[in-house]
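The structure appears below as structure tokens.
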Amino acid sequence: MNINPLADRIRPRELSEVVGQRHLLTPGKALYNMIENGEVPNLIFYGPSGVGKTTVASIIAGKTNRALRKLNGTTASTQDIRDIVAEIDTFTAPNGILLYLDEIQYFNKRQQQSLLEFIENGKITLIASTTENPYFYVYPAILSRSTVFEFKAITPEEIVPAVQRGFDCLRAENGIAVEYSDEVLRKIAFGCGGDVRKALNTVENCYLATRAADGKKVITLATAEELSQKSSMKYDRDGDEHYDIVSAFQKSMRGSDPDAALHYLARLLEAGDLPSACRRLMVCACEDVGLAYPQIIPIVKAAVDAAMMVGLPEARIPLADAVILVATSPKSNSGAGAIDLALADIRAGKSGPIPRQLQNKHYDGEDAAVKGQHYLYPHDYPHHWTYQQYLPDAIKDRRYYEYGDNKSEQAYKQYWDKVKNSHD
């Protein structure tokens, strides 16, 4: 039995064998040309796991004369870096070192800084990979000395040939025929969430879970479904994938697309992230529907309370109702825009003393030009309104709120225009 995973055993050795990434690995593209020419600068590969970053780095190592050293940011220490640096200009690395640093985002600033001198003078060529945005997680000095290439998620159609190649490899290794349908291939390919490594792990698990009969193993669709379940979810609550999903969730509701909003809700719920789903739903009800349909806020709050009370899987029902309601409701961000303008003034120091008529009742000082508070109680006047100054003198004419162009806010505007004009 092989100890190495199937994904490692059939790892491509040529760029033409790499699954996906045609935007990087087609002849004529910059990265392809660099690799084929054998002159590779410091590189950072950015993208989700299982899309070929390590594979491409291994191919690069095979095309250079440099000693390949590998570190993983989750386990490597500063001493590991010192050990690699100590090899420079020795008989073990006469032409320099190619350092493949996986998960560089887990290296702290000091660890990353320790590489600077050596990648700058060319003694070490760094190929770093990360699943997180390097512009947030990689030390700027490292970033400025490297070229970033983004690896994209791989489509299920692109993964199908890799799944088939995996079964072919197992057949050759074990000398036992393997039979499977196109539905099995597609189920595994579509159930891996764009992660080739995960797909090949599923292939191997399907093979191991199937007994040989009459000299062959028949991989059933039921086995593929069982071993592929939930494998399509790629989710890290502290990572880019989390923020991408919740962002798409809210933007789909804001954009009045209930189908897309339900899709991203399903991704959050399948990952078990009920709090994020509830929070973004409440934010969207207030921020993006707001005064166009103000009754939506207590309705969505009730749905969120129900979801948190019953938990998953039942929580999906009130949340789905609320998501559809938010997505299909009229939209207005007039309230959010108004408070943001008010906050901007406060932060810019645009304020002043509260007008005397609005202050809490207290005695005037001897220096007061006009004695008395002179507050006008609106309920003593027709329509429960009368003019008086509410903003501080310095910004007394400032206007934050503009009525939205929806039915509700236009009704409010019509009412107040009539009331206030009647007092002129």
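By convention here, the chains of the structure tokens are called A, B, ... in the order presented, each chain's residues are numbered starting at 1, and ligands are numbered starting at 1 in the order presented.
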Do a neighbour search on A:Leu391 at 10 Å with only C-alpha atoms, toss out local chain neighbours closer than 6 positions, and write the hits as number ranges by chain. A: 351-355, 358, 397-399
Resulting file, chosen residues, all heavy atoms, as a PDB file, in the first residue's frame:
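The file below, result-v3.pdb, is the result:
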```
ATOM      1  N   SER A 351     -19.072  70.966  14.775  1.00  0.00           N
ATOM      2  CA  SER A 351     -20.075  70.812  15.822  1.00  0.00           C
ATOM      3  C   SER A 351     -20.254  72.168  16.494  1.00  0.00           C
ATOM      4  O   SER A 351     -20.097  73.198  15.854  1.00  0.00           O
ATOM      5  CB  SER A 351     -19.622  69.739  16.818  1.00  0.00           C
ATOM      6  OG  SER A 351     -20.610  69.505  17.773  1.00  0.00           O
ATOM      7  N   GLY A 352     -20.560  72.163  17.758  1.00  0.00           N
ATOM      8  CA  GLY A 352     -20.706  73.425  18.487  1.00  0.00           C
ATOM      9  C   GLY A 352     -21.614  73.239  19.674  1.00  0.00           C
ATOM     10  O   GLY A 352     -22.187  72.157  19.885  1.00  0.00           O
ATOM     11  N   PRO A 353     -21.793  74.287  20.476  1.00  0.00           N
ATOM     12  CA  PRO A 353     -22.658  74.198  21.654  1.00  0.00           C
ATOM     13  C   PRO A 353     -24.099  73.863  21.257  1.00  0.00           C
ATOM     14  O   PRO A 353     -24.589  74.298  20.213  1.00  0.00           O
ATOM     15  CB  PRO A 353     -22.572  75.597  22.274  1.00  0.00           C
ATOM     16  CG  PRO A 353     -21.305  76.172  21.724  1.00  0.00           C
ATOM     17  CD  PRO A 353     -21.151  75.608  20.350  1.00  0.00           C
ATOM     18  N   ILE A 354     -24.756  73.059  22.089  1.00  0.00           N
ATOM     19  CA  ILE A 354     -26.153  72.723  21.848  1.00  0.00           C
ATOM     20  C   ILE A 354     -27.002  73.985  22.057  1.00  0.00           C
ATOM     21  O   ILE A 354     -26.815  74.723  23.032  1.00  0.00           O
ATOM     22  CB  ILE A 354     -26.600  71.609  22.806  1.00  0.00           C
ATOM     23  CG1 ILE A 354     -25.827  70.319  22.474  1.00  0.00           C
ATOM     24  CG2 ILE A 354     -28.100  71.357  22.716  1.00  0.00           C
ATOM     25  CD1 ILE A 354     -26.031  69.204  23.454  1.00  0.00           C
ATOM     26  N   PRO A 355     -27.905  74.281  21.144  1.00  0.00           N
ATOM     27  CA  PRO A 355     -28.737  75.486  21.295  1.00  0.00           C
ATOM     28  C   PRO A 355     -29.409  75.524  22.662  1.00  0.00           C
ATOM     29  O   PRO A 355     -29.839  74.486  23.201  1.00  0.00           O
ATOM     30  CB  PRO A 355     -29.768  75.339  20.162  1.00  0.00           C
ATOM     31  CG  PRO A 355     -29.065  74.532  19.118  1.00  0.00           C
ATOM     32  CD  PRO A 355     -28.211  73.560  19.889  1.00  0.00           C
ATOM     33  N   LEU A 358     -32.641  73.693  23.568  1.00  0.00           N
ATOM     34  CA  LEU A 358     -32.634  72.230  23.596  1.00  0.00           C
ATOM     35  C   LEU A 358     -31.934  71.674  24.822  1.00  0.00           C
ATOM     36  O   LEU A 358     -31.994  70.462  25.073  1.00  0.00           O
ATOM     37  CB  LEU A 358     -31.959  71.670  22.341  1.00  0.00           C
ATOM     38  CG  LEU A 358     -32.542  72.071  20.993  1.00  0.00           C
ATOM     39  CD1 LEU A 358     -31.822  71.309  19.888  1.00  0.00           C
ATOM     40  CD2 LEU A 358     -34.034  71.797  20.933  1.00  0.00           C
ATOM     41  N   ASP A 397     -27.542  75.116   9.137  1.00  0.00           N
ATOM     42  CA  ASP A 397     -28.197  74.865   7.851  1.00  0.00           C
ATOM     43  C   ASP A 397     -27.765  73.539   7.214  1.00  0.00           C
ATOM     44  O   ASP A 397     -28.093  73.265   6.063  1.00  0.00           O
ATOM     45  CB  ASP A 397     -27.902  76.011   6.873  1.00  0.00           C
ATOM     46  CG  ASP A 397     -28.475  77.331   7.363  1.00  0.00           C
ATOM     47  OD1 ASP A 397     -29.603  77.312   7.895  1.00  0.00           O
ATOM     48  OD2 ASP A 397     -27.804  78.366   7.219  1.00  0.00           O
ATOM     49  N   ARG A 398     -27.020  72.739   7.961  1.00  0.00           N
ATOM     50  CA  ARG A 398     -26.516  71.474   7.409  1.00  0.00           C
ATOM     51  C   ARG A 398     -27.672  70.515   7.184  1.00  0.00           C
ATOM     52  O   ARG A 398     -28.599  70.424   7.988  1.00  0.00           O
ATOM     53  CB  ARG A 398     -25.515  70.852   8.397  1.00  0.00           C
ATOM     54  CG  ARG A 398     -24.781  69.644   7.864  1.00  0.00           C
ATOM     55  CD  ARG A 398     -23.719  70.058   6.855  1.00  0.00           C
ATOM     56  NE  ARG A 398     -22.809  68.974   6.547  1.00  0.00           N
ATOM     57  CZ  ARG A 398     -22.925  68.178   5.475  1.00  0.00           C
ATOM     58  NH1 ARG A 398     -23.913  68.352   4.621  1.00  0.00           N
ATOM     59  NH2 ARG A 398     -22.033  67.239   5.269  1.00  0.00           N
ATOM     60  N   ARG A 399     -27.582  69.768   6.070  1.00  0.00           N
ATOM     61  CA  ARG A 399     -28.632  68.801   5.742  1.00  0.00           C
ATOM     62  C   ARG A 399     -27.999  67.439   5.502  1.00  0.00           C
ATOM     63  O   ARG A 399     -27.120  67.308   4.649  1.00  0.00           O
ATOM     64  CB  ARG A 399     -29.405  69.262   4.500  1.00  0.00           C
ATOM     65  CG  ARG A 399     -30.644  68.448   4.216  1.00  0.00           C
ATOM     66  CD  ARG A 399     -31.481  69.115   3.149  1.00  0.00           C
ATOM     67  NE  ARG A 399     -32.735  68.401   2.903  1.00  0.00           N
ATOM     68  CZ  ARG A 399     -33.701  68.848   2.110  1.00  0.00           C
ATOM     69  NH1 ARG A 399     -33.548  70.016   1.497  1.00  0.00           N
ATOM     70  NH2 ARG A 399     -34.789  68.132   1.931  1.00  0.00           N
TER      71      ARG A 399
END
```
Pick out the residues sitting within 7 Å of stretch 55-58 of chain A, and hand them over as a short mmCIF file (atom, residue, chain, number, x, y, z; two decimals) with N, CA and C atoms, in the first residue's frame; count only C-alpha atoms, and ignore anything fewer than 3 positions along from it in its own chain.
```
data_model
loop_
_atom_site.label_atom_id
_atom_site.label_comp_id
_atom_site.auth_asym_id
_atom_site.auth_seq_id
_atom_site.Cartn_x
_atom_site.Cartn_y
_atom_site.Cartn_z
N ARG A 11 1.24 13.73 -9.28
CA ARG A 11 1.47 15.17 -9.46
C ARG A 11 2.11 15.43 -10.82
N PRO A 12 1.59 16.36 -11.60
CA PRO A 12 2.14 16.66 -12.93
C PRO A 12 3.61 17.07 -12.86
N GLY A 52 -3.08 23.92 -7.61
CA GLY A 52 -1.86 23.75 -8.38
C GLY A 52 -0.68 24.59 -7.98
N ALA A 61 11.08 23.84 -9.68
CA ALA A 61 12.27 23.27 -9.04
C ALA A 61 12.96 22.29 -9.98
N GLY A 62 12.14 21.54 -10.73
CA GLY A 62 12.73 20.57 -11.64
C GLY A 62 13.42 21.20 -12.83
N ILE A 127 9.86 31.13 -3.64
CA ILE A 127 8.52 30.90 -4.19
C ILE A 127 7.62 30.65 -3.00
#
```
Practice task
Enumerate as number ranges by chain all residues of stretch 98-238 of chain A assigned to helix (DSSP H, G or I) by DSSP on the backbone, naming them with the chain letters and numbers the document uses.
Solution key: A: 104-106, 109-120, 134-137, 140-144, 156-174, 182-190, 196-208, 221-228
So that I can check the secondary structure, give me every residue of stretch 70-103 of chain A assigned strand (DSSP E) by backbone DSSP, as a list in words. Lys70, Leu71, Asn72, Ile97, Leu98, Leu99, Tyr100, Leu101 and Asp102 of chain A
Selection above as a file: C-alpha atoms, as a PDB file, in the first residue's frame:
```pdb
ATOM      1  CA  LYS A  70      10.684  23.381   1.419  1.00  0.00           C
ATOM      2  CA  LEU A  71       9.202  25.032   4.483  1.00  0.00           C
ATOM      3  CA  ASN A  72       5.639  25.369   5.706  1.00  0.00           C
ATOM      4  CA  ILE A  97      18.734  27.745  -3.112  1.00  0.00           C
ATOM      5  CA  LEU A  98      15.172  27.626  -4.360  1.00  0.00           C
ATOM      6  CA  LEU A  99      13.011  27.970  -1.245  1.00  0.00           C
ATOM      7  CA  TYR A 100       9.385  26.938  -1.527  1.00  0.00           C
ATOM      8  CA  LEU A 101       7.582  28.492   1.437  1.00  0.00           C
ATOM      9  CA  ASP A 102       4.027  27.228   1.729  1.00  0.00           C
TER      10      ASP A 102
END
```
Checklist line | Minimum-distance residue to A:Tyr401, chosen among A:Val160, A:Ala344, A:Ala338, A:Val184 (using only C-alpha atoms) | finding: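 Once distances to A:Tyr401 are computed over only C-alpha atoms, the minimum belongs to A:Ala338.
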